[in-house]
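Peer 1: Sharing model.txt here; it has compact mmCIF, C-alpha atoms.
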```txt
# COMPACT_ATOMS: atom_id res chain seq x y z
CA MET V 17 -26.92 0.14 -64.04
CA GLN V 18 -24.05 1.76 -65.87
CA THR V 19 -24.84 4.09 -68.70
CA TYR V 20 -22.92 5.64 -71.54
CA GLN V 21 -21.23 8.90 -70.60
CA PRO V 22 -20.19 11.65 -72.98
CA ALA V 23 -16.44 11.49 -73.49
CA LYS V 24 -13.69 12.49 -75.91
CA LEU V 25 -11.60 10.23 -78.09
CA LEU V 26 -8.18 11.61 -78.91
CA ARG V 27 -6.27 10.12 -81.82
CA LEU V 28 -2.64 10.97 -82.24
CA TYR V 29 -0.64 10.22 -85.39
CA VAL V 30 3.14 10.09 -85.10
CA THR V 31 5.83 7.73 -86.34
CA GLU V 32 7.87 5.04 -84.69
CA SER V 33 11.12 6.93 -85.09
CA ASP V 34 9.91 10.16 -83.45
CA ARG V 35 11.87 10.91 -80.27
CA TYR V 36 11.28 12.94 -77.19
CA GLN V 37 14.26 13.42 -74.86
CA GLU V 38 16.06 10.26 -76.01
CA LYS V 39 12.96 8.17 -75.73
CA ALA V 40 10.46 6.96 -78.29
CA LEU V 41 7.80 9.67 -78.53
CA HIS V 42 4.87 7.30 -78.09
CA GLU V 43 6.43 5.85 -74.96
CA ALA V 44 7.02 9.30 -73.57
CA ILE V 45 3.43 10.30 -74.28
CA LEU V 46 2.19 7.11 -72.65
CA GLU V 47 4.17 7.96 -69.53
CA LYS V 48 2.77 11.48 -69.58
CA CYS V 49 -0.75 10.03 -69.75
CA ARG V 50 -0.10 7.87 -66.71
CA GLU V 51 1.42 10.81 -64.89
CA LEU V 52 -1.70 12.89 -65.57
CA LYS V 53 -3.87 9.95 -64.48
CA ILE V 54 -5.57 9.61 -67.83
CA ALA V 55 -7.96 6.63 -67.81
CA GLY V 56 -6.20 4.68 -70.52
CA ALA V 57 -4.27 4.81 -73.76
CA THR V 58 -3.61 2.30 -76.50
CA VAL V 59 -0.78 2.39 -79.03
CA PHE V 60 -1.28 0.84 -82.47
CA ARG V 61 1.36 0.36 -85.11
CA GLY V 62 0.21 0.89 -88.66
CA VAL V 63 1.24 -1.36 -91.50
CA GLU V 64 1.90 1.43 -93.94
CA GLY V 65 1.03 5.10 -94.34
CA TYR V 66 2.15 8.60 -95.11
CA GLY V 67 1.76 11.93 -93.46
CA GLU V 68 2.80 15.54 -93.59
CA THR V 69 6.29 14.94 -94.90
CA ALA V 70 4.82 12.81 -97.70
CA GLU V 71 7.40 10.12 -97.21
CA ILE V 72 5.89 6.68 -97.16
CA HIS V 73 6.37 4.89 -93.89
CA ARG V 74 6.71 1.18 -94.28
CA ALA V 75 8.73 -1.63 -92.78
CA ARG V 76 12.20 -1.82 -94.25
CA LEU V 77 14.74 -4.53 -93.78
CA LEU V 78 16.70 -2.39 -91.41
CA GLY V 79 15.16 0.23 -89.21
CA HIS V 80 11.43 0.67 -88.89
CA ASP V 81 9.65 3.93 -89.36
CA LEU V 82 6.07 2.84 -89.26
CA PRO V 83 3.09 5.05 -88.42
CA ILE V 84 1.98 4.98 -84.81
CA VAL V 85 -1.60 5.75 -83.81
CA MET V 86 -2.44 6.39 -80.18
CA GLN V 87 -6.01 6.33 -78.97
CA ILE V 88 -6.96 7.87 -75.69
CA VAL V 89 -10.49 7.96 -74.28
CA ASP V 90 -11.37 10.01 -71.23
CA THR V 91 -13.75 12.67 -69.94
CA PRO V 92 -13.74 16.00 -71.81
CA ASP V 93 -12.05 17.64 -68.80
CA ASN V 94 -9.20 15.16 -68.68
CA ILE V 95 -8.60 15.35 -72.44
CA GLU V 96 -8.57 19.15 -72.10
CA ARG V 97 -5.91 18.77 -69.42
CA LEU V 98 -3.84 16.34 -71.48
CA LEU V 99 -3.89 18.29 -74.73
CA PRO V 100 -1.40 21.09 -73.85
CA ALA V 101 0.99 18.55 -72.37
CA ILE V 102 1.02 16.48 -75.56
CA GLU V 103 1.23 19.51 -77.81
CA GLY V 104 4.40 20.54 -76.01
CA MET V 105 6.01 17.20 -76.77
CA LEU V 106 5.20 17.07 -80.48
CA ASP V 107 7.38 18.59 -83.19
CA LYS V 108 5.20 17.28 -85.94
CA GLY V 109 2.24 15.00 -85.94
CA LEU V 110 -1.50 15.15 -85.96
CA ILE V 111 -4.04 15.21 -83.17
CA ALA V 112 -7.71 14.50 -83.88
CA ILE V 113 -10.41 14.68 -81.24
CA SER V 114 -13.96 13.42 -81.57
CA ASP V 115 -17.03 13.28 -79.38
CA VAL V 116 -17.96 9.81 -78.25
CA SER V 117 -20.11 8.16 -75.67
CA ALA V 118 -18.26 5.67 -73.53
CA LEU V 119 -19.21 2.85 -71.21
CA ARG V 120 -16.61 1.58 -68.77
CA ILE V 121 -17.30 -2.04 -67.89
CA HIS V 122 -15.87 -3.48 -64.74
CA LYS V 123 -17.65 -6.55 -63.41
CA MET Z 27 -36.41 -22.43 -112.81
CA MET Z 28 -38.08 -20.78 -109.88
CA ASP Z 29 -36.56 -17.91 -107.99
CA THR Z 30 -34.43 -18.97 -105.07
CA ARG Z 31 -35.96 -18.23 -101.74
CA MET Z 32 -34.19 -18.09 -98.40
CA LEU Z 33 -35.94 -18.56 -95.12
CA PRO Z 34 -35.72 -15.53 -92.83
CA ARG Z 35 -34.22 -16.04 -89.39
CA GLY Z 36 -36.55 -16.20 -86.41
CA VAL Z 37 -39.78 -17.96 -85.56
CA ALA Z 38 -41.09 -20.48 -88.06
CA LYS Z 39 -43.05 -23.72 -88.28
CA LYS Z 40 -41.66 -27.17 -88.85
CA VAL Z 41 -43.93 -29.74 -90.45
CA THR Z 42 -43.18 -33.45 -90.24
CA ILE Z 43 -45.14 -36.01 -92.23
CA TYR Z 44 -44.81 -39.74 -91.54
CA LEU Z 45 -45.63 -42.08 -94.41
CA ASN Z 46 -44.87 -45.47 -95.80
CA GLU Z 47 -42.53 -45.69 -98.71
CA ASP Z 48 -45.05 -47.59 -100.80
CA THR Z 49 -48.05 -45.36 -100.14
CA GLN Z 50 -49.17 -44.24 -103.56
CA HIS Z 51 -50.64 -41.00 -104.78
CA HIS Z 52 -51.95 -41.10 -108.32
CA LEU Z 53 -49.25 -43.01 -110.19
CA GLY Z 54 -46.18 -42.41 -107.99
CA PRO Z 55 -45.07 -42.63 -104.40
CA LEU Z 56 -46.85 -40.18 -102.11
CA TYR Z 57 -43.63 -38.64 -100.73
CA GLU Z 58 -42.61 -37.65 -104.26
CA SER Z 59 -45.97 -36.00 -104.86
CA ILE Z 60 -45.63 -34.11 -101.58
CA LEU Z 61 -42.11 -32.89 -102.40
CA THR Z 62 -43.20 -31.79 -105.88
CA TYR Z 63 -46.20 -29.96 -104.45
CA LEU Z 64 -44.10 -28.17 -101.82
CA MET Z 65 -41.57 -27.11 -104.42
CA HIS Z 66 -44.29 -25.68 -106.65
CA LYS Z 67 -45.73 -23.78 -103.71
CA GLY Z 68 -42.31 -22.15 -103.21
CA VAL Z 69 -41.57 -23.72 -99.84
CA ALA Z 70 -37.94 -22.90 -98.98
CA GLY Z 71 -36.87 -26.55 -98.69
CA ALA Z 72 -38.08 -30.04 -97.82
CA THR Z 73 -36.33 -33.29 -97.05
CA ALA Z 74 -37.57 -36.87 -97.24
CA THR Z 75 -35.69 -39.43 -95.16
CA ARG Z 76 -36.15 -43.15 -95.07
CA ALA Z 77 -36.36 -44.46 -91.55
CA PHE Z 78 -34.39 -47.44 -90.35
CA ALA Z 79 -37.36 -49.00 -88.61
CA GLY Z 80 -40.66 -48.02 -87.01
CA PHE Z 81 -44.31 -48.75 -86.54
CA GLY Z 82 -47.43 -46.72 -87.11
CA GLY Z 83 -51.19 -46.79 -86.82
CA HIS Z 84 -51.44 -50.24 -88.31
CA ASN Z 85 -49.34 -51.65 -85.46
CA VAL Z 86 -47.03 -53.46 -87.82
CA LEU Z 87 -43.33 -53.20 -87.17
CA HIS Z 88 -41.47 -52.14 -90.30
CA THR Z 89 -37.84 -53.19 -90.28
CA PRO Z 90 -35.47 -53.96 -93.15
CA LYS Z 91 -35.32 -57.61 -92.01
CA MET Z 92 -39.03 -58.13 -92.23
CA GLU Z 93 -39.86 -56.33 -95.43
CA ALA Z 94 -39.37 -58.04 -98.70
CA LEU Z 95 -37.00 -55.76 -100.65
CA ALA Z 96 -37.49 -53.25 -97.83
CA GLU Z 97 -40.10 -51.31 -99.74
CA HIS Z 98 -42.51 -50.85 -96.90
CA LEU Z 99 -40.27 -48.78 -94.61
CA PRO Z 100 -41.36 -45.54 -92.94
CA ILE Z 101 -40.60 -42.27 -94.73
CA ARG Z 102 -40.43 -38.91 -93.02
CA VAL Z 103 -40.90 -35.67 -94.98
CA GLU Z 104 -39.86 -32.50 -93.17
CA PHE Z 105 -39.98 -28.87 -94.11
CA ILE Z 106 -39.63 -25.54 -92.35
CA ASP Z 107 -41.33 -22.32 -93.41
CA SER Z 108 -43.22 -19.31 -92.10
CA ALA Z 109 -46.55 -19.81 -90.29
CA GLU Z 110 -48.43 -18.26 -93.25
CA LYS Z 111 -46.80 -20.59 -95.76
CA VAL Z 112 -47.51 -23.64 -93.61
CA GLU Z 113 -51.12 -22.49 -93.22
CA GLU Z 114 -51.33 -22.21 -96.99
CA VAL Z 115 -50.07 -25.71 -97.80
CA LEU Z 116 -51.57 -27.68 -94.90
CA PRO Z 117 -55.10 -28.18 -96.32
CA THR Z 118 -53.71 -29.79 -99.48
CA LEU Z 119 -51.29 -31.94 -97.49
CA TYR Z 120 -54.17 -32.98 -95.26
CA ASP Z 121 -55.99 -34.10 -98.37
CA MET Z 122 -53.00 -35.91 -99.87
CA VAL Z 123 -51.96 -37.91 -96.84
CA THR Z 124 -54.48 -40.72 -96.85
CA ASP Z 125 -52.34 -43.01 -94.71
CA GLY Z 126 -49.89 -41.43 -92.31
CA LEU Z 127 -49.42 -38.64 -89.80
CA ILE Z 128 -48.88 -34.86 -90.09
CA GLU Z 129 -47.41 -32.90 -87.24
CA VAL Z 130 -46.57 -29.19 -86.88
CA GLN Z 131 -44.11 -27.70 -84.39
CA ASP Z 132 -43.00 -24.19 -83.53
CA THR Z 133 -39.38 -23.75 -84.33
CA HIS Z 134 -36.72 -21.08 -84.54
CA VAL Z 135 -34.51 -20.59 -87.58
CA VAL Z 136 -31.00 -19.77 -86.40
CA LYS Z 137 -29.18 -19.77 -89.70
CA SER Z 138 -30.31 -20.09 -93.25
CA ALA Z 139 -27.42 -19.63 -95.61
CA MET Z 140 -26.97 -20.11 -99.31
CA LYS Z 141 -23.69 -19.92 -101.14
CA GLU Z 142 -23.73 -17.15 -103.68
CA LYS Z 143 -23.40 -18.38 -107.20
CA PRO Z 144 -20.97 -16.37 -109.30
CA LEU Z 145 -22.92 -14.39 -111.82
CA PRO Z 146 -22.09 -14.91 -115.45
CA GLY Z 147 -21.34 -11.97 -117.69
CA PRO Z 148 -19.43 -8.75 -117.13
CA LYS Z 149 -18.33 -7.50 -113.74
CA PRO Z 150 -21.37 -6.13 -111.94
CA ALA Z 151 -21.73 -2.38 -111.64
CA ARG Z 152 -20.77 -0.66 -108.42
CA PHE Z 153 -22.57 2.17 -106.80
CA ARG Z 154 -21.76 4.51 -104.02
CA GLU Z 155 -23.90 4.70 -100.93
CA ALA Z 156 -23.32 7.45 -98.39
CA ALA Z 157 -25.00 7.26 -95.02
CA LYS Z 158 -24.86 8.11 -91.36
CA ALA Z 159 -23.73 5.30 -89.13
CA LYS Z 160 -22.19 4.54 -85.76
CA LEU Z 161 -18.67 3.44 -84.96
CA MET Z 162 -18.14 1.27 -81.91
CA GLN Z 163 -14.69 0.64 -80.51
CA ILE Z 164 -14.24 -1.98 -77.83
CA PHE Z 165 -11.06 -1.94 -75.76
CA PHE Z 166 -9.84 -4.89 -73.70
CA GLY Z 167 -6.84 -7.22 -73.36
CA GLU Z 168 -5.56 -9.92 -75.67
CA ALA Z 169 -5.46 -12.40 -72.77
CA ASP Z 170 -9.13 -11.91 -71.85
CA ARG Z 171 -11.11 -15.05 -72.39
CA TRP Z 172 -14.70 -16.10 -72.90
CA HIS Z 173 -15.52 -19.75 -72.18
CA GLU Z 174 -11.96 -20.96 -72.90
CA GLU Z 175 -11.55 -19.05 -76.14
CA PRO Z 176 -10.02 -15.63 -76.74
CA LEU Z 177 -12.58 -12.92 -76.06
CA TYR Z 178 -11.84 -11.15 -79.34
CA ASP Z 179 -12.64 -14.34 -81.27
CA ALA Z 180 -15.82 -14.85 -79.29
CA ILE Z 181 -16.97 -11.26 -79.88
CA VAL Z 182 -16.32 -11.45 -83.63
CA LYS Z 183 -18.22 -14.75 -83.85
CA LYS Z 184 -21.12 -13.34 -81.88
CA LEU Z 185 -21.29 -10.24 -84.10
CA ARG Z 186 -21.22 -12.42 -87.19
CA MET Z 187 -24.10 -14.44 -85.88
CA MET Z 188 -26.03 -11.22 -85.28
CA GLU Z 189 -25.38 -10.29 -88.91
CA ILE Z 190 -23.47 -7.17 -87.98
CA ALA Z 191 -21.94 -5.70 -91.13
CA GLY Z 192 -18.31 -6.07 -90.11
CA ALA Z 193 -15.76 -6.04 -87.33
CA THR Z 194 -11.99 -5.60 -87.29
CA VAL Z 195 -9.66 -6.69 -84.51
CA HIS Z 196 -6.63 -4.47 -83.93
CA ARG Z 197 -3.75 -5.41 -81.68
CA GLY Z 198 -1.98 -2.57 -79.94
CA VAL Z 199 1.74 -2.57 -79.37
CA ASP Z 200 1.62 -0.78 -76.05
CA GLY Z 201 -0.84 0.86 -73.72
CA TYR Z 202 -2.57 0.77 -70.39
CA GLY Z 203 -6.14 0.67 -69.28
CA ALA Z 204 -8.24 0.61 -66.19
CA LYS Z 205 -6.35 -2.36 -64.79
CA GLY Z 206 -3.44 0.03 -64.57
CA HIS Z 207 -0.92 -2.48 -65.80
CA SER Z 208 1.08 -1.83 -68.88
CA HIS Z 209 0.23 -3.95 -71.90
CA LYS Z 210 3.74 -3.69 -73.32
CA LYS Z 211 5.08 -6.86 -74.87
CA SER Z 212 7.43 -8.54 -72.45
CA PHE Z 213 10.96 -9.31 -73.50
CA PHE Z 214 10.59 -13.07 -73.37
CA HIS Z 215 7.17 -13.06 -74.98
CA VAL Z 216 5.62 -14.68 -71.94
CA SER Z 217 2.29 -13.68 -70.42
CA ARG Z 218 1.41 -11.60 -73.43
CA ASP Z 219 -1.50 -9.32 -72.70
CA LEU Z 220 -1.33 -6.67 -75.37
CA PRO Z 221 -4.25 -4.29 -75.78
CA VAL Z 222 -6.86 -5.32 -78.29
CA MET Z 223 -9.44 -3.08 -79.93
CA ILE Z 224 -12.34 -4.19 -82.09
CA SER Z 225 -13.95 -1.63 -84.34
CA VAL Z 226 -17.45 -2.12 -85.71
CA ILE Z 227 -19.41 0.13 -88.05
CA GLU Z 228 -23.17 -0.35 -88.32
CA SER Z 229 -26.47 1.48 -88.46
CA ALA Z 230 -27.49 3.04 -85.13
CA GLU Z 231 -30.21 0.49 -84.55
CA LYS Z 232 -28.13 -2.63 -85.13
CA LEU Z 233 -25.12 -1.19 -83.37
CA GLY Z 234 -27.24 -0.74 -80.25
CA LEU Z 235 -27.99 -4.47 -80.27
CA ALA Z 236 -24.33 -5.29 -80.88
CA ALA Z 237 -23.22 -3.05 -78.01
CA ALA Z 238 -25.66 -4.75 -75.63
CA ALA Z 239 -24.35 -8.17 -76.64
CA VAL Z 240 -20.72 -7.10 -76.18
CA GLU Z 241 -21.57 -5.57 -72.81
CA GLU Z 242 -22.70 -9.01 -71.64
CA MET Z 243 -19.43 -10.63 -72.69
CA LEU Z 244 -17.00 -8.01 -71.45
CA ASP Z 245 -15.77 -8.27 -67.86
CA ASP Z 246 -13.31 -5.44 -67.85
CA GLY Z 247 -13.06 -3.03 -70.72
CA LEU Z 248 -14.36 0.03 -72.44
CA ILE Z 249 -16.96 0.54 -75.15
CA VAL Z 250 -16.80 3.79 -77.09
CA ILE Z 251 -19.46 4.82 -79.59
CA SER Z 252 -19.38 7.75 -81.97
CA ASP Z 253 -21.21 9.08 -85.02
CA VAL Z 254 -19.57 8.57 -88.39
CA ASP Z 255 -20.35 9.28 -92.01
CA ILE Z 256 -19.82 6.25 -94.14
CA VAL Z 257 -19.35 5.69 -97.84
CA ARG Z 258 -19.98 2.17 -99.02
CA LEU Z 259 -19.13 0.89 -102.46
CA VAL Z 260 -21.69 -1.77 -103.20
CA HIS Z 261 -21.96 -4.25 -106.03
CA ALA Z 262 -25.27 -3.67 -107.76
CA ASN Z 263 -26.31 -7.32 -107.46
CA LEU Z 264 -25.88 -7.47 -103.69
CA PRO Z 265 -28.70 -6.52 -101.40
CA THR Z 266 -28.15 -3.27 -99.59
CA SER Z 267 -29.07 -2.96 -95.99
```
In structure tokens, what does this structure look like?
Peer 2:
Amino acid sequence: MQTYQPAKLLRLYVTESDRYQEKALHEAILEKCRELKIAGATVFRGVEGYGETAEIHRARLLGHDLPIVMQIVDTPDNIERLLPAIEGMLDKGLIAISDVSALRIHK
Amino acid sequence: MMDTRMLPRGVAKKVTIYLNEDTQHHLGPLYESILTYLMHKGVAGATATRAFAGFGGHNVLHTPKMEALAEHLPIRVEFIDSAEKVEEVLPTLYDMVTDGLIEVQDTHVVKSAMKEKPLPGPKPARFREAAKAKLMQIFFGEADRWHEEPLYDAIVKKLRMMEIAGATVHRGVDGYGAKGHSHKKSFFHVSRDLPVMISVIESAEKLGLAAAAVEEMLDDGLIVISDVDIVRLVHANLPTS
């Protein structure tokens, strides 16, 4: 019988146009997560939003600059390990971490 | 006009009464008297149906061909209500049905819905309700299926049936999970299996039930539950949970 385990949920707010070494930032972070063997990560694209720079991000005819939200769930240890790596890659952006209980289902 | 009353979901009793259309009670047909009585007793609903054909205790076959003007056909009156309500009305029904049959069955109400009537007058007042609740996030793939339909559809339907307050399906644009494969959209849009996340906010008690139901349906995925503070803006005329 599987049971819920304490875990951490990391939410990361960046934008679509953010870059890291010639690559989209969210793609680079995703690769970093794989490299660090983080259990999983999901990238969501927002429909509209604004952040620190107070410019509204929305779809324009040419060039998108929509908000990107990444959600990563893993054990507290693994999130601890991931955090400095991500922080090093971000110029601006927001990271929010919350306590969760997680159940991995694999039948 | 009496107050509207909706039957709660769950166990209930179903009463079926078999009569003849021309059986009289005082000055009118018996089935009309029964329906009127049930309505006055606040029974949630009752239906009388005319049968196509049948026979009863008198061993006479009633069919439209044989009855002059078809006025002697069987009538069936059915209603469903709680055991207490049925107990309350049965003695009177027993007395009223001088020629016919009354039968009671255990039943289970799955859905009892009533369309809300728009209220006349000014826009109803709103009030703010702050509470502690739970947030559940369910992660899986867009291509996952449940009995030939997309799993995310099936989960939302199931949650709706359980009267869970709400659920939102989000589609990710990229990601990877326990399967290890990337969920990135392929160039030719074939074999799409983007990540999907459903978020649900409910009271701790109901969310526990919802999580158990989702657990049954999910083959490969992740369920994440956390505490949240919620603020609901509620119309004053709607019931609060």
Peer 1: Find the spatial neighbours of segment 95-100 of chain V, counting only C-alpha atoms, within a cut-off of 8 Å - ignore same-chain residues fewer than 2 positions away - and output them as a compact mmCIF listing (two decimals) with C-alpha atoms, in the coordinates of the input.
Peer 2:
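Output contents, as saved in result_20.txt:
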```
# COMPACT_ATOMS: atom_id res chain seq x y z
CA LYS V 24 -13.69 12.49 -75.91
CA LEU V 26 -8.18 11.61 -78.91
CA CYS V 49 -0.75 10.03 -69.75
CA LEU V 52 -1.70 12.89 -65.57
CA ILE V 54 -5.57 9.61 -67.83
CA VAL V 89 -10.49 7.96 -74.28
CA ASP V 90 -11.37 10.01 -71.23
CA THR V 91 -13.75 12.67 -69.94
CA PRO V 92 -13.74 16.00 -71.81
CA ASP V 93 -12.05 17.64 -68.80
CA ILE V 102 1.02 16.48 -75.56
CA GLU V 103 1.23 19.51 -77.81
CA GLY V 104 4.40 20.54 -76.01
```
Peer 1: Interatomic distance between atom CA of Leu119 of chain Z and atom CA of Pro55 of chain Z?
Peer 2: 14.2 Å
Peer 1: Do you have, as CSV, the list of residues of chain V lying at most 12 Å from chain Z, each with its nearest atom pair and that distance in Å to one decimal, counting only C-alpha atoms and ordered by chain then number?
Peer 2:
```
residue,atom,partner,partner_atom,distance
V:Met17,CA,Z:Glu241,CA,11.8
V:Gln18,CA,Z:Glu241,CA,10.4
V:Thr19,CA,Z:Ile249,CA,10.8
V:Tyr20,CA,Z:Val250,CA,8.5
V:Gln21,CA,Z:Val250,CA,9.4
V:Pro22,CA,Z:Val250,CA,9.5
V:Ala23,CA,Z:Val250,CA,8.5
V:Lys24,CA,Z:Val250,CA,9.3
V:Leu25,CA,Z:Val250,CA,8.3
V:Leu26,CA,Z:Val250,CA,11.8
V:Glu32,CA,Z:Val199,CA,11.1
V:Ala40,CA,Z:Asp200,CA,12.0
V:His42,CA,Z:Asp200,CA,8.9
V:Glu43,CA,Z:Asp200,CA,8.3
V:Ala44,CA,Z:Gly201,CA,11.5
V:Ile45,CA,Z:Gly201,CA,10.4
V:Leu46,CA,Z:Gly201,CA,7.0
V:Glu47,CA,Z:Gly201,CA,9.6
V:Lys48,CA,Z:Gly201,CA,12.0
V:Cys49,CA,Z:Tyr202,CA,9.5
V:Arg50,CA,Z:Tyr202,CA,8.4
V:Glu51,CA,Z:Gly206,CA,11.8
V:Lys53,CA,Z:Gly206,CA,9.9
V:Ile54,CA,Z:Gly203,CA,9.1
V:Ala55,CA,Z:Ala204,CA,6.2
V:Gly56,CA,Z:Gly203,CA,4.2
V:Ala57,CA,Z:Gly201,CA,5.2
V:Thr58,CA,Z:Gly201,CA,4.2
V:Val59,CA,Z:Asp200,CA,5.0
V:Phe60,CA,Z:Gly198,CA,4.3
V:Arg61,CA,Z:Val199,CA,6.5
V:Gly62,CA,Z:Gly198,CA,9.6
V:Val63,CA,Z:His196,CA,11.4
V:Pro83,CA,Z:Val199,CA,11.9
V:Ile84,CA,Z:Val199,CA,9.3
V:Val85,CA,Z:Gly198,CA,9.2
V:Met86,CA,Z:Gly201,CA,8.7
V:Gln87,CA,Z:Gly201,CA,9.2
V:Ile88,CA,Z:Gly201,CA,9.5
V:Val89,CA,Z:Val250,CA,8.1
V:Asp90,CA,Z:Val250,CA,10.1
V:Thr91,CA,Z:Val250,CA,11.8
V:Ile113,CA,Z:Ser252,CA,11.4
V:Ser114,CA,Z:Ser252,CA,7.9
V:Asp115,CA,Z:Ser252,CA,6.5
V:Val116,CA,Z:Ser252,CA,4.5
V:Ser117,CA,Z:Ile251,CA,5.2
V:Ala118,CA,Z:Val250,CA,4.3
V:Leu119,CA,Z:Ile249,CA,5.1
V:Arg120,CA,Z:Leu248,CA,4.6
V:Ile121,CA,Z:Gly247,CA,5.2
V:His122,CA,Z:Asp246,CA,4.5
V:Lys123,CA,Z:Asp245,CA,5.1
```
Peer 1: Since we have the selection now, will you write its residues out, keeping C-alpha atoms, as a compact mmCIF listing (two decimals), in the frame of the given file?
Peer 2:
```txt
# COMPACT_ATOMS: atom_id res chain seq x y z
CA MET V 17 -26.92 0.14 -64.04
CA GLN V 18 -24.05 1.76 -65.87
CA THR V 19 -24.84 4.09 -68.70
CA TYR V 20 -22.92 5.64 -71.54
CA GLN V 21 -21.23 8.90 -70.60
CA PRO V 22 -20.19 11.65 -72.98
CA ALA V 23 -16.44 11.49 -73.49
CA LYS V 24 -13.69 12.49 -75.91
CA LEU V 25 -11.60 10.23 -78.09
CA LEU V 26 -8.18 11.61 -78.91
CA GLU V 32 7.87 5.04 -84.69
CA ALA V 40 10.46 6.96 -78.29
CA HIS V 42 4.87 7.30 -78.09
CA GLU V 43 6.43 5.85 -74.96
CA ALA V 44 7.02 9.30 -73.57
CA ILE V 45 3.43 10.30 -74.28
CA LEU V 46 2.19 7.11 -72.65
CA GLU V 47 4.17 7.96 -69.53
CA LYS V 48 2.77 11.48 -69.58
CA CYS V 49 -0.75 10.03 -69.75
CA ARG V 50 -0.10 7.87 -66.71
CA GLU V 51 1.42 10.81 -64.89
CA LYS V 53 -3.87 9.95 -64.48
CA ILE V 54 -5.57 9.61 -67.83
CA ALA V 55 -7.96 6.63 -67.81
CA GLY V 56 -6.20 4.68 -70.52
CA ALA V 57 -4.27 4.81 -73.76
CA THR V 58 -3.61 2.30 -76.50
CA VAL V 59 -0.78 2.39 -79.03
CA PHE V 60 -1.28 0.84 -82.47
CA ARG V 61 1.36 0.36 -85.11
CA GLY V 62 0.21 0.89 -88.66
CA VAL V 63 1.24 -1.36 -91.50
CA PRO V 83 3.09 5.05 -88.42
CA ILE V 84 1.98 4.98 -84.81
CA VAL V 85 -1.60 5.75 -83.81
CA MET V 86 -2.44 6.39 -80.18
CA GLN V 87 -6.01 6.33 -78.97
CA ILE V 88 -6.96 7.87 -75.69
CA VAL V 89 -10.49 7.96 -74.28
CA ASP V 90 -11.37 10.01 -71.23
CA THR V 91 -13.75 12.67 -69.94
CA ILE V 113 -10.41 14.68 -81.24
CA SER V 114 -13.96 13.42 -81.57
CA ASP V 115 -17.03 13.28 -79.38
CA VAL V 116 -17.96 9.81 -78.25
CA SER V 117 -20.11 8.16 -75.67
CA ALA V 118 -18.26 5.67 -73.53
CA LEU V 119 -19.21 2.85 -71.21
CA ARG V 120 -16.61 1.58 -68.77
CA ILE V 121 -17.30 -2.04 -67.89
CA HIS V 122 -15.87 -3.48 -64.74
CA LYS V 123 -17.65 -6.55 -63.41
```
Peer 1: How many Å separate atom CA of Asn85 of chain Z from atom CA of Asp121 of chain Z?
Peer 2: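 Atom CA of Asp121 of chain Z lies at a distance of 22.8 Å from atom CA of Asn85 of chain Z.
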Peer 1: As a PyMOL selection string, please: the residues near Val37 of chain Z (cut-off 8 Å, only C-alpha atoms, same-chain neighbours under 2 positions excluded).
Peer 2: chain Z and resi 35+39+108+132-135
Peer 1: In terms of the shortest atom-to-atom distance over all atoms listed in the file, which of Z:Pro117, Z:Ala230, Z:Gly167, Z:His173 is closest to Arg218 of chain Z?
Peer 2: Z:Gly167
